[in-house]
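What follows is a short report on a single structure.
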Amino acid sequence: MDLETIVKCLDLKVFSGFDKLKTEVLDGYTGDLLSDVMANSKEGDIWMTRQVHQNIIAVASLKDHAGVILVHGADPANDTLEKALKENIPLLGTGLSGFEIAGRIYNIIKGKKEITAQNP
Amino acid sequence: MITVLDVHEKPIFESSYTVQGGNFDEAGKVASQIKVILKKLGLQTDVVRKAALVAYESEINIVSYARKGTINISITPQRVKIETIDEGHGIPDIELAMQEGYSTADAKIREMGFGAGMGLCNIKKFSDQFQITSEIGIGTHLKMIILIENGA
């Protein structure tokens, strides 16, 4: 599943990384504690967070995330956006809460099978 | 324990970086540079992943708690060594500081999602060898080794 499909399905706002929307999303991670995200997220994850300061770009870049989604209608801070554009990291936004967006993305990338298996 | 691995191995790469305390705008920059170097050297993904995390958390610790610090990196075919030496308050109780969840971070640091008391634990967890020493009023010295299996 690539970023573009997720962006279209969930009507996400794209702040940066416009030419990287073909990036494959392997999995997802939610978290606002940067050490937690550093330790437990993986390459290819789409990271959902409410943090908007520029250090999230360093984390996403170090972890090779597929992209970052700012939840609950949050806009990136100016320096965050600048950094994301400069480093060409896909920074996305949604009006949904972290819970809602994580659930939807889970369904899109891997949940469908499990859910239909439980509720045939 | 760490010295054993240091014997007469000529580094294939060595460098030193200065980190300013309190400068969150630049936080993570050194770790990013280190990651680029490790990737260029063609080290295994796992080694790069661990070293990037260790470098990042060490860098954040300097930014969060020290006046300034130095990060040294040295790579041999057998291991990546990351060493940080900071000028700061030092850690009064290392055992306590190593406990997950324990933190002396102020509100500003916590608001940014740092200071959750996970940094040192993660550094230790992701290193194959870890050494910490600290002197009150002088600073803290971390030494981490990440082994490269079967050589680079």
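Residues in the structure tokens are numbered from 1 in each chain, the chains being A, B, ... in the order shown, and ligands are numbered from 1 in the order shown.
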Next item on the list: Using only C-alpha atoms, determine which residues of chain A fall within 12 Å of chain B; present them as a PyMOL selection string.
Entry: chain A and resi 31-43+49-64+77-80+82-83+87
Next item on the list: Find the residues near region 62-65 of chain B: any atom within 7 Å, counting only C-alpha atoms, skip ones fewer than 2 places away on the same chain, and give them as a PyMOL selection string.
Entry: chain B and resi 19-24+27+58-60+68-69+86+88
Preceding selection exported with N, CA and C atoms as a PDB file, in the first residue's frame:
ATOM      1  N   VAL B  19      28.115  19.434  20.377  1.00  0.00           N
ATOM      2  CA  VAL B  19      26.671  19.656  20.517  1.00  0.00           C
ATOM      3  C   VAL B  19      26.449  20.735  21.579  1.00  0.00           C
ATOM      4  N   GLN B  20      25.645  21.737  21.247  1.00  0.00           N
ATOM      5  CA  GLN B  20      25.340  22.804  22.196  1.00  0.00           C
ATOM      6  C   GLN B  20      24.129  22.427  23.045  1.00  0.00           C
ATOM      7  N   GLY B  21      24.259  22.605  24.355  1.00  0.00           N
ATOM      8  CA  GLY B  21      23.119  22.345  25.231  1.00  0.00           C
ATOM      9  C   GLY B  21      22.002  23.346  24.964  1.00  0.00           C
ATOM     10  N   GLY B  22      20.773  22.902  25.118  1.00  0.00           N
ATOM     11  CA  GLY B  22      19.616  23.798  25.001  1.00  0.00           C
ATOM     12  C   GLY B  22      19.175  24.108  23.587  1.00  0.00           C
ATOM     13  N   ASN B  23      19.953  23.710  22.601  1.00  0.00           N
ATOM     14  CA  ASN B  23      19.598  24.051  21.219  1.00  0.00           C
ATOM     15  C   ASN B  23      18.749  22.948  20.571  1.00  0.00           C
ATOM     16  N   PHE B  24      17.458  22.990  20.827  1.00  0.00           N
ATOM     17  CA  PHE B  24      16.569  21.948  20.313  1.00  0.00           C
ATOM     18  C   PHE B  24      16.347  22.059  18.803  1.00  0.00           C
ATOM     19  N   ALA B  27      18.747  19.679  17.358  1.00  0.00           N
ATOM     20  CA  ALA B  27      18.798  18.353  17.980  1.00  0.00           C
ATOM     21  C   ALA B  27      18.541  17.251  16.962  1.00  0.00           C
ATOM     22  N   SER B  58      21.741  10.031  22.827  1.00  0.00           N
ATOM     23  CA  SER B  58      22.879  10.674  23.501  1.00  0.00           C
ATOM     24  C   SER B  58      22.893  12.159  23.178  1.00  0.00           C
ATOM     25  N   GLU B  59      22.611  12.463  21.924  1.00  0.00           N
ATOM     26  CA  GLU B  59      22.597  13.864  21.497  1.00  0.00           C
ATOM     27  C   GLU B  59      21.484  14.630  22.228  1.00  0.00           C
ATOM     28  N   ILE B  60      20.304  14.013  22.299  1.00  0.00           N
ATOM     29  CA  ILE B  60      19.174  14.657  22.987  1.00  0.00           C
ATOM     30  C   ILE B  60      19.512  14.882  24.460  1.00  0.00           C
ATOM     31  N   LYS B  68      27.218  21.877  27.121  1.00  0.00           N
ATOM     32  CA  LYS B  68      27.678  21.446  25.806  1.00  0.00           C
ATOM     33  C   LYS B  68      28.283  20.051  25.901  1.00  0.00           C
ATOM     34  N   GLY B  69      28.556  19.474  24.781  1.00  0.00           N
ATOM     35  CA  GLY B  69      29.126  18.140  24.826  1.00  0.00           C
ATOM     36  C   GLY B  69      29.771  17.762  23.512  1.00  0.00           C
ATOM     37  N   ASP B  86      29.981  15.168  28.187  1.00  0.00           N
ATOM     38  CA  ASP B  86      29.332  16.473  28.292  1.00  0.00           C
ATOM     39  C   ASP B  86      29.825  17.286  29.478  1.00  0.00           C
ATOM     40  N   GLY B  88      28.248  19.413  32.243  1.00  0.00           N
ATOM     41  CA  GLY B  88      26.925  19.701  32.798  1.00  0.00           C
ATOM     42  C   GLY B  88      26.896  19.466  34.288  1.00  0.00           C
TER      43      GLY B  88
END
Item checked: Residues flagged strand (DSSP E or B) by DSSP in region 38-132 of chain B, as number ranges by chain -> B: 66-75, 79-88, 129-132
Notebook entry, point to check: Which residue out of A:Lys110, A:Arg104, A:Lys86, A:Lys20 has the minimum interatomic distance to Met1 (chain A) when only C-alpha atoms are used?
Noted result: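 Smallest separation from Met1 (chain A) among the options: A:Lys110.
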